[in-house]
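File shown here: upload13.pdb, holding PDB, C-alpha atoms.
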```pdb
ATOM      1  CA  GLY D   1       0.000   0.000   0.000
ATOM      2  CA  ALA D   2       0.885   3.650  -0.121
ATOM      3  CA  VAL D   3       3.194   4.948   2.602
ATOM      4  CA  VAL D   4       2.816   8.178   4.531
ATOM      5  CA  SER D   5       5.418   9.236   7.075
ATOM      6  CA  GLN D   6       5.410  11.880   9.775
ATOM      7  CA  HIS D   7       8.272  13.600  11.477
ATOM      8  CA  PRO D   8       8.881  13.866  14.311
ATOM      9  CA  SER D   9       7.042  10.986  15.947
ATOM     10  CA  ARG D  10       7.230  12.725  19.321
ATOM     11  CA  VAL D  11       8.030  16.279  20.311
ATOM     12  CA  ILE D  12       8.133  18.057  23.632
ATOM     13  CA  CYS D  13       8.332  21.819  23.673
ATOM     14  CA  LYS D  14       8.008  24.728  26.036
ATOM     15  CA  SER D  15       4.921  26.870  26.157
ATOM     16  CA  GLY D  16       5.121  29.780  23.733
ATOM     17  CA  THR D  17       7.346  28.094  21.187
ATOM     18  CA  SER D  18       6.325  26.948  17.710
ATOM     19  CA  VAL D  19       6.508  23.384  16.496
ATOM     20  CA  LYS D  20       6.559  22.109  12.924
ATOM     21  CA  ILE D  21       5.299  18.646  11.987
ATOM     22  CA  GLU D  22       6.019  17.171   8.561
ATOM     23  CA  CYS D  23       3.851  14.768   6.609
ATOM     24  CA  ARG D  24       5.310  13.069   3.557
ATOM     25  CA  SER D  25       3.898  10.715   0.953
ATOM     26  CA  LEU D  26       6.813   8.410   0.186
ATOM     27  CA  ASP D  27       5.706   6.475  -2.862
ATOM     28  CA  PHE D  28       2.919   8.506  -4.436
ATOM     29  CA  GLN D  29       1.947  12.056  -5.172
ATOM     30  CA  ALA D  30      -0.465  13.539  -2.667
ATOM     31  CA  THR D  31      -2.908  15.902  -4.295
ATOM     32  CA  THR D  32      -4.700  16.435  -1.010
ATOM     33  CA  MET D  33      -3.478  16.104   2.547
ATOM     34  CA  PHE D  34      -5.557  16.129   5.695
ATOM     35  CA  TRP D  35      -4.614  16.938   9.273
ATOM     36  CA  TYR D  36      -6.403  15.370  12.205
ATOM     37  CA  ARG D  37      -6.136  15.845  15.929
ATOM     38  CA  GLN D  38      -6.833  13.158  18.491
ATOM     39  CA  PHE D  39      -7.165  13.596  22.247
ATOM     40  CA  PRO D  40      -6.603  10.626  24.567
ATOM     41  CA  LYS D  41      -9.318   8.005  24.244
ATOM     42  CA  LYS D  42     -11.156  10.128  21.713
ATOM     43  CA  SER D  43     -11.823   9.957  18.020
ATOM     44  CA  LEU D  44      -9.930  11.633  15.186
ATOM     45  CA  MET D  45     -11.162  15.138  14.477
ATOM     46  CA  LEU D  46     -10.429  16.671  11.087
ATOM     47  CA  MET D  47      -8.643  19.990  11.449
ATOM     48  CA  ALA D  48      -7.993  21.026   7.874
ATOM     49  CA  THR D  49      -7.712  19.941   4.267
ATOM     50  CA  SER D  50      -4.907  21.147   2.036
ATOM     51  CA  ASN D  51      -4.525  20.857  -1.698
ATOM     52  CA  GLU D  52      -1.077  21.180  -3.207
ATOM     53  CA  GLY D  53      -0.302  24.751  -4.100
ATOM     54  CA  SER D  54      -3.352  26.325  -2.513
ATOM     55  CA  LYS D  55      -4.434  27.537   0.904
ATOM     56  CA  ALA D  56      -5.709  25.055   3.423
ATOM     57  CA  THR D  57      -9.393  24.836   4.276
ATOM     58  CA  TYR D  58      -9.963  24.709   8.010
ATOM     59  CA  GLU D  59     -12.829  23.029   9.819
ATOM     60  CA  GLN D  60     -15.127  25.106  11.951
ATOM     61  CA  GLY D  61     -13.565  26.003  15.275
ATOM     62  CA  VAL D  62      -9.951  25.437  14.185
ATOM     63  CA  GLU D  63      -7.807  28.557  14.459
ATOM     64  CA  LYS D  64      -5.948  28.994  11.206
ATOM     65  CA  ASP D  65      -3.470  31.424  12.749
ATOM     66  CA  LYS D  66      -2.654  28.881  15.440
ATOM     67  CA  PHE D  67      -2.313  25.897  13.120
ATOM     68  CA  LEU D  68      -0.456  26.930   9.984
ATOM     69  CA  ILE D  69      -0.593  24.431   7.156
ATOM     70  CA  ASN D  70       1.602  24.469   4.090
ATOM     71  CA  HIS D  71       1.326  22.033   1.190
ATOM     72  CA  ALA D  72       4.020  23.323  -1.119
ATOM     73  CA  SER D  73       4.793  20.108  -2.975
ATOM     74  CA  LEU D  74       3.020  16.929  -4.023
ATOM     75  CA  THR D  75       4.833  14.926  -1.363
ATOM     76  CA  LEU D  76       5.055  17.229   1.623
ATOM     77  CA  SER D  77       2.677  19.068   3.904
ATOM     78  CA  THR D  78       3.624  20.763   7.152
ATOM     79  CA  LEU D  79       1.601  21.708  10.194
ATOM     80  CA  THR D  80       3.061  24.414  12.409
ATOM     81  CA  VAL D  81       1.581  24.884  15.845
ATOM     82  CA  THR D  82       2.382  28.487  16.664
ATOM     83  CA  SER D  83       2.894  29.772  20.203
ATOM     84  CA  ALA D  84       2.021  26.371  21.577
ATOM     85  CA  HIS D  85       0.297  26.031  24.942
ATOM     86  CA  PRO D  86      -0.394  22.962  27.082
ATOM     87  CA  GLU D  87      -3.923  22.681  25.686
ATOM     88  CA  ASP D  88      -2.360  22.094  22.236
ATOM     89  CA  SER D  89      -0.848  18.856  23.519
ATOM     90  CA  SER D  90      -2.368  16.111  21.439
ATOM     91  CA  PHE D  91      -1.767  13.379  18.871
ATOM     92  CA  TYR D  92      -1.646  14.847  15.372
ATOM     93  CA  ILE D  93      -2.222  12.545  12.404
ATOM     94  CA  CYS D  94      -1.973  13.355   8.727
ATOM     95  CA  SER D  95      -3.379  11.504   5.757
ATOM     96  CA  ALA D  96      -2.983  11.872   2.021
ATOM     97  CA  ARG D  97      -4.904  11.031  -1.129
ATOM     98  CA  GLY D  98      -3.608  11.214  -4.659
ATOM     99  CA  THR D  99      -2.094   8.936  -7.246
ATOM    100  CA  ARG D 100      -2.531   5.696  -5.304
ATOM    101  CA  GLY D 101      -5.632   3.641  -4.611
ATOM    102  CA  ARG D 102      -9.153   4.851  -5.249
ATOM    103  CA  PHE D 103      -9.640   8.514  -6.032
ATOM    104  CA  ASP D 104     -11.135   9.110  -2.593
ATOM    105  CA  GLU D 105      -8.889   6.826  -0.552
ATOM    106  CA  GLN D 106      -6.821   8.357   2.253
ATOM    107  CA  PHE D 107      -3.587   6.847   3.525
ATOM    108  CA  PHE D 108      -2.682   7.679   7.101
ATOM    109  CA  GLY D 109       0.611   8.539   8.721
ATOM    110  CA  PRO D 110       1.763   7.087  12.051
ATOM    111  CA  GLY D 111       1.015  10.255  14.006
ATOM    112  CA  THR D 112       3.014  12.792  15.998
ATOM    113  CA  ARG D 113       2.588  13.177  19.733
ATOM    114  CA  LEU D 114       3.005  16.774  20.837
ATOM    115  CA  THR D 115       3.509  17.594  24.490
ATOM    116  CA  VAL D 116       3.646  21.246  25.484
ATOM    117  CA  LEU D 117       5.084  21.929  28.920
TER     118      LEU D 117
ATOM    119  CA  GLY C   1     -22.767  18.479  12.480
ATOM    120  CA  GLN C   2     -22.824  14.905  11.318
ATOM    121  CA  GLN C   3     -21.758  12.260  13.768
ATOM    122  CA  LEU C   4     -21.009   8.596  13.589
ATOM    123  CA  ASN C   5     -21.971   6.784  16.755
ATOM    124  CA  GLN C   6     -20.386   3.461  17.519
ATOM    125  CA  SER C   7     -21.491   0.821  19.948
ATOM    126  CA  PRO C   8     -20.441  -0.665  22.149
ATOM    127  CA  GLN C   9     -18.045   1.980  23.433
ATOM    128  CA  SER C  10     -15.792  -0.731  24.824
ATOM    129  CA  MET C  11     -15.828  -4.444  25.333
ATOM    130  CA  PHE C  12     -13.878  -7.143  27.063
ATOM    131  CA  ILE C  13     -14.015 -10.555  25.465
ATOM    132  CA  GLN C  14     -12.354 -13.903  25.882
ATOM    133  CA  GLU C  15      -9.888 -15.095  23.290
ATOM    134  CA  GLY C  16     -11.683 -17.201  20.698
ATOM    135  CA  GLU C  17     -14.994 -15.364  20.998
ATOM    136  CA  ASP C  18     -16.689 -13.578  18.130
ATOM    137  CA  VAL C  19     -17.131  -9.804  18.314
ATOM    138  CA  SER C  20     -19.757  -7.546  16.790
ATOM    139  CA  MET C  21     -19.811  -3.776  16.696
ATOM    140  CA  ASN C  22     -21.797  -1.238  14.764
ATOM    141  CA  CYS C  23     -21.761   2.306  13.535
ATOM    142  CA  THR C  24     -24.785   4.489  12.909
ATOM    143  CA  SER C  25     -25.335   7.843  11.326
ATOM    144  CA  SER C  26     -28.222  10.279  11.211
ATOM    145  CA  SER C  27     -27.554  10.834   7.514
ATOM    146  CA  ILE C  28     -26.768   8.712   4.497
ATOM    147  CA  PHE C  29     -23.233   7.642   3.683
ATOM    148  CA  ASN C  30     -22.080   6.347   0.306
ATOM    149  CA  THR C  31     -18.885   4.827   1.647
ATOM    150  CA  TRP C  32     -18.184   3.091   4.925
ATOM    151  CA  LEU C  33     -14.667   2.417   6.127
ATOM    152  CA  TRP C  34     -13.468   0.432   9.109
ATOM    153  CA  TYR C  35     -10.118   1.199  10.715
ATOM    154  CA  LYS C  36      -8.119  -0.231  13.596
ATOM    155  CA  GLN C  37      -5.831   1.945  15.665
ATOM    156  CA  ASP C  38      -3.169   0.604  17.982
ATOM    157  CA  PRO C  39      -1.882   2.822  20.830
ATOM    158  CA  GLY C  40       0.384   5.574  19.556
ATOM    159  CA  GLU C  41      -0.163   4.673  15.927
ATOM    160  CA  GLY C  42      -2.162   5.972  13.011
ATOM    161  CA  PRO C  43      -5.334   4.170  11.903
ATOM    162  CA  VAL C  44      -5.010   1.241   9.529
ATOM    163  CA  LEU C  45      -7.730   0.441   7.024
ATOM    164  CA  LEU C  46      -9.388  -2.930   7.575
ATOM    165  CA  ILE C  47     -12.337  -2.963   5.196
ATOM    166  CA  ALA C  48     -13.937  -0.526   2.753
ATOM    167  CA  LEU C  49     -17.577  -0.737   1.658
ATOM    168  CA  TYR C  50     -18.996   1.121  -1.322
ATOM    169  CA  LYS C  51     -22.492  -0.282  -2.011
ATOM    170  CA  ALA C  52     -25.592  -0.603   0.139
ATOM    171  CA  GLY C  53     -26.013  -4.198   1.273
ATOM    172  CA  GLU C  54     -22.400  -5.061   0.473
ATOM    173  CA  LEU C  55     -20.814  -7.712   2.664
ATOM    174  CA  THR C  56     -17.023  -7.848   2.570
ATOM    175  CA  SER C  57     -14.516 -10.017   4.393
ATOM    176  CA  ASN C  58     -10.852  -9.592   5.218
ATOM    177  CA  GLY C  59      -9.599 -12.714   6.958
ATOM    178  CA  ARG C  60     -11.475 -13.040  10.243
ATOM    179  CA  LEU C  61     -13.147  -9.684   9.736
ATOM    180  CA  THR C  62     -16.467  -9.177   7.990
ATOM    181  CA  ALA C  63     -18.208  -5.866   7.485
ATOM    182  CA  GLN C  64     -21.565  -4.931   6.028
ATOM    183  CA  PHE C  65     -22.893  -1.759   4.479
ATOM    184  CA  GLY C  66     -26.431  -1.324   5.855
ATOM    185  CA  ILE C  67     -29.337  -1.220   3.425
ATOM    186  CA  THR C  68     -30.524   2.123   4.792
ATOM    187  CA  ARG C  69     -27.030   3.572   4.137
ATOM    188  CA  LYS C  70     -27.121   4.896   7.693
ATOM    189  CA  ASP C  71     -25.297   2.072   9.388
ATOM    190  CA  SER C  72     -22.536  -0.463   9.094
ATOM    191  CA  PHE C  73     -21.433  -3.498  11.081
ATOM    192  CA  LEU C  74     -18.081  -5.109  11.755
ATOM    193  CA  ASN C  75     -17.680  -8.655  12.993
ATOM    194  CA  ILE C  76     -14.479 -10.308  14.156
ATOM    195  CA  SER C  77     -14.516 -14.066  14.427
ATOM    196  CA  ALA C  78     -12.385 -16.144  16.793
ATOM    197  CA  SER C  79     -10.702 -13.159  18.407
ATOM    198  CA  ILE C  80      -7.016 -13.286  19.292
ATOM    199  CA  PRO C  81      -4.958 -11.084  21.643
ATOM    200  CA  SER C  82      -3.614  -8.930  18.785
ATOM    201  CA  ASP C  83      -7.173  -7.833  17.982
ATOM    202  CA  VAL C  84      -6.863  -5.464  20.946
ATOM    203  CA  GLY C  85      -7.182  -1.865  19.889
ATOM    204  CA  ILE C  86      -9.679   0.780  18.937
ATOM    205  CA  TYR C  87     -11.934   0.231  15.958
ATOM    206  CA  PHE C  88     -13.280   3.241  14.120
ATOM    207  CA  CYS C  89     -15.818   3.532  11.374
ATOM    208  CA  ALA C  90     -15.390   6.453   9.015
ATOM    209  CA  GLY C  91     -16.682   7.878   5.802
ATOM    210  CA  PRO C  92     -17.098  10.977   3.673
ATOM    211  CA  PRO C  93     -20.067  12.896   5.120
ATOM    212  CA  THR C  94     -21.185  14.432   1.870
ATOM    213  CA  SER C  95     -21.013  13.355  -1.717
ATOM    214  CA  GLY C  96     -18.193  14.859  -3.719
ATOM    215  CA  THR C  97     -15.987  15.583  -0.751
ATOM    216  CA  TYR C  98     -12.853  13.694   0.098
ATOM    217  CA  LYS C  99     -13.108  14.520   3.804
ATOM    218  CA  TYR C 100     -13.741  11.766   6.317
ATOM    219  CA  ILE C 101     -15.469  11.914   9.639
ATOM    220  CA  PHE C 102     -14.638   9.262  12.188
ATOM    221  CA  GLY C 103     -16.913   7.423  14.547
ATOM    222  CA  THR C 104     -16.662   7.543  18.304
ATOM    223  CA  GLY C 105     -14.723   4.269  18.391
ATOM    224  CA  THR C 106     -15.073   0.844  19.996
ATOM    225  CA  ARG C 107     -12.275  -0.143  22.328
ATOM    226  CA  LEU C 108     -11.672  -3.885  22.269
ATOM    227  CA  LYS C 109      -9.811  -5.786  24.950
ATOM    228  CA  VAL C 110      -9.193  -9.491  24.576
ATOM    229  CA  LEU C 111      -8.579 -11.653  27.608
ATOM    230  CA  ALA C 112      -6.257 -14.561  26.929
TER     231      ALA C 112
END
```

Using structure tokens, write down the structure from this file.
Amino acid sequence: GAVVSQHPSRVICKSGTSVKIECRSLDFQATTMFWYRQFPKKSLMLMATSNEGSKATYEQGVEKDKFLINHASLTLSTLTVTSAHPEDSSFYICSARGTRGRFDEQFFGPGTRLTVL
Amino acid sequence: GQQLNQSPQSMFIQEGEDVSMNCTSSSIFNTWLWYKQDPGEGPVLLIALYKAGELTSNGRLTAQFGITRKDSFLNISASIPSDVGIYFCAGPPTSGTYKYIFGTGTRLKVLA
């Protein structure tokens, strides 16, 4: 199947700093990438959808100035959590759809655990 | 907004037992997906369903796309310890969108 990677897998940062998380499609071109957030023992909540070369579309209630998403190439999307605070601590998961599988099929990354102290 | 409700929320079963879980929606879905998530990992696709009434198997797993298009079921036969994890249903909430919404999840624990 198609492979999606995330880096880093875990990150701990101090409150007020910014953190960048990368999502890469390793063996296909990702026309669209999605970012999800998951709190402990909860479901995945879609944060935003990004299409290569255009601005991300954010779900209702997600602060676009807090969670900056860039999808500058067909294999890379980044999520930057700006001025992170403890309440931003969560598990962030990306997925990608594109030139693999069905047209609507998403392939998920392994997730990034963010802890803000 | 649209929600996918899963039941049961959690379950403990003995190894070797069969497991059934379901997912319901207040609105129609054209695709139903079942994922398993292990702790600290991303979700992994188990079964995808694309037609009402469709019954699809993947090894010990069988899933069905409900006739009403508002529900789906996942069965696991002869459970083993590695079946432990969280099972999510998911699907695109509206036609023509590639977005998924995820269900509330069913946490499965298997007792050896």

Taking all atoms listed in the file into account, find every residue of chain D that has an atom no more than 7 Å from chain C, and write it out as number ranges by chain. D: 42-44, 93, 104, 108-111

Between atom CA of Pro86 of chain D and atom CA of Cys89 of chain C - distance in Å to one decimal: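 Those two atoms sit 29.4 Å apart.
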
A straight line from atom CA of Ile80 of chain C to atom CA of Leu49 of chain C spans 24.1 Å

Once the PyMOL selection byres ((chain C and resi 68) around 9) has been applied to the shown file, what residues remain in the selection, as a ChimeraX atom specification? /C:28,52-53,65-67,69-71

Separation of atom CA of Leu46 of chain D from atom CA of Gln6 of chain D, in Å and rounded to one decimal: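 Going from atom CA of Leu46 of chain D over to atom CA of Gln6 of chain D, I get 16.6 Å.
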
I want to know what sits within 7 Å of segment 63-73 of chain D, based on only C-alpha atoms, with residues of the same chain fewer than 6 positions away left out; could you give that as a VMD selection string? chain D and resid 50 to 53 56 79 to 82
